[in-house]
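Chemist: Please see the structure below; I have some questions.
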2 protein chains.
Amino acid sequence: MVKLDKKAVDLLKGKNFAFVATINRDGSPQVTPVWVDTDGSKILVNSALGRVKVKNLLRDSRVALAVSDASNPYFFLSFDGKVVKTYTGKKADDHIDFLSFKYTGNKKYQGRKPTEKRILFVIEPTHVRTW
Amino acid sequence: MVKLDKKAVDLLKGKNFAFVATINRDGSPQVTPVWVDTDGSKILVNSALGRVKVKNLLRDSRVALAVSDASNPYFFLSFDGKVVKTYTGKKADDHIDFLSFKYTGNKKYQGRKPTEKRILFVIEPTHVRTW
């Protein structure tokens with residue numbers, strides 16, 4: 001585990017997208033953008049059960065994220081990490097509402113399908129690179 | 001191979017960054033942003049020999065890219081693909097200058113180190129997803 005410095009924390013707390021890479025069952029890579037946040041030491045990502053990246057992360061906890069500054073796309077950090085904890089239920093639901101507020105101003109996440117079950121991934125960073 | 005529709009071509013021809021995911025030697029994922037372009041059917045990415053993603057792609061040609069629209073980060077496409085050709089030398093050098101012009105207005109790529117050898121990856125898309 002590595003410590004996130006102020007620059008990393010600020011970037012993760014900002015309204016910036018993270019591009020999350022995971023490993024498919026056949027070993028090929030997958031990458032999608034997600035909302036992101038941090039508790040100061042771990043990286044927090046929220047998704048829905050059934051999605052490819054969720055299946056991938058539940059099978060292989062290794063993950064890479066690249067986050068670029070929305071106000072300066074030439075400043076970005078990349079993180080290697082691993083999922084050390086997951087939450088479903090109220091904790092994941094509250095967290096997606098929190099992210100919704102951060103990114104859109106809506107206190108309730110608007111993109112949710114009726115049957116959707118959210119999952120919160122807690123990711124321990126193992127390596128951080130500046131570019 | 002899948003055909004790139006107009007939306008995909010426009011996105012790849014625009015001044016948008018691609019987040020490229022590759023597979024490290026140990027099977028873990030790697031992701032970094034790059035300049036990107038297309039010839040209309042293939043995806044074109046340019047990097048320098050020695051970089052992690054280059055080593056990765058020369059070992060395992062499977063690649064995933066996510067490209068979001070700089071003017072609307074909620075519109076993006078993700079591509080699965082494989083490297084079908086690489087070029088070094090003049091063709092790769094001309095291509096990085098072309099990308100430099102597209103992204104920065106400089107006809108000569110400014111970021112180059114004296115000993116750097118460029119490599120152009122030609123990527124055949126095998127799957128495209130809209131989000």
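Identifiers in the structure tokens: chain A, B, ... in order shown; residue index from 1 per chain; ligand index from 1 in order shown.
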Please check the contacts: residues of chain A at most 12 Å away from chain B, using only C-alpha atoms, listed as a PyMOL selection string.
Modeler: chain A and resi 15-35+56-57+60-82+103-104+127-131
Chemist: If you fit chain B onto chain A using every C-alpha atom, paired in order, what RMSD in Å do you get?
Modeler: 0.0 Å
Chemist: Among chain A, which ones does DSSP place in helix (DSSP H, G or I), written as a ChimeraX atom specification?
Modeler: /A:6-13,52-59,90-104
Chemist: How about saving the chosen residues, C-alpha atoms kept, as a CSV table (one decimal), in the first residue's frame?
Modeler:
chain,number,residue,atom,x,y,z
A,6,LYS,CA,-2.2,15.9,-1.4
A,7,LYS,CA,-2.2,16.1,-5.2
A,8,ALA,CA,-3.7,12.6,-5.5
A,9,VAL,CA,-6.3,13.2,-2.9
A,10,ASP,CA,-7.3,16.5,-4.5
A,11,LEU,CA,-7.6,14.9,-7.9
A,12,LEU,CA,-9.7,12.0,-6.5
A,13,LYS,CA,-11.9,14.4,-4.5
A,52,VAL,CA,-18.6,-6.5,-16.7
A,53,LYS,CA,-16.1,-4.6,-14.6
A,54,VAL,CA,-17.9,-5.7,-11.4
A,55,LYS,CA,-17.7,-9.4,-12.4
A,56,ASN,CA,-14.1,-8.8,-13.3
A,57,LEU,CA,-13.1,-7.2,-10.0
A,58,LEU,CA,-14.9,-9.9,-8.0
A,59,ARG,CA,-12.9,-12.5,-9.9
A,90,LYS,CA,-27.2,0.9,2.3
A,91,LYS,CA,-23.5,1.8,2.4
A,92,ALA,CA,-23.2,1.4,-1.4
A,93,ASP,CA,-26.5,3.2,-1.9
A,94,ASP,CA,-25.5,6.2,0.2
A,95,HIS,CA,-22.2,6.3,-1.5
A,96,ILE,CA,-23.7,6.5,-5.1
A,97,ASP,CA,-26.0,9.3,-3.8
A,98,PHE,CA,-22.9,11.1,-2.4
A,99,LEU,CA,-21.1,10.7,-5.8
A,100,SER,CA,-24.2,11.9,-7.6
A,101,PHE,CA,-24.2,15.1,-5.5
A,102,LYS,CA,-20.5,15.6,-6.1
A,103,TYR,CA,-20.7,15.3,-9.8
A,104,THR,CA,-24.2,16.5,-10.7
Chemist: Using only C-alpha atoms, which protein or nucleic acid residues come within 6 Å of B:Lys42? Drop anything in the same chain fewer than 2 positions from it, and give the result as a PyMOL selection string.
Modeler: chain B and resi 38-39+123-124
Chemist: I'd like the interatomic distance between atom CA of A:Tyr109 and atom CA of A:Ile43, to a tenth of an Å.
Modeler: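 Going from atom CA of A:Tyr109 over to atom CA of A:Ile43 covers 19.7 Å.
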Chemist: Can you list, as a PyMOL selection string, every residue of stretch 9-82 of chain B that DSSP puts in strand (DSSP E or B)?
Modeler: chain B and resi 18-23+29-34+37-38+43-48+62-69+72-82
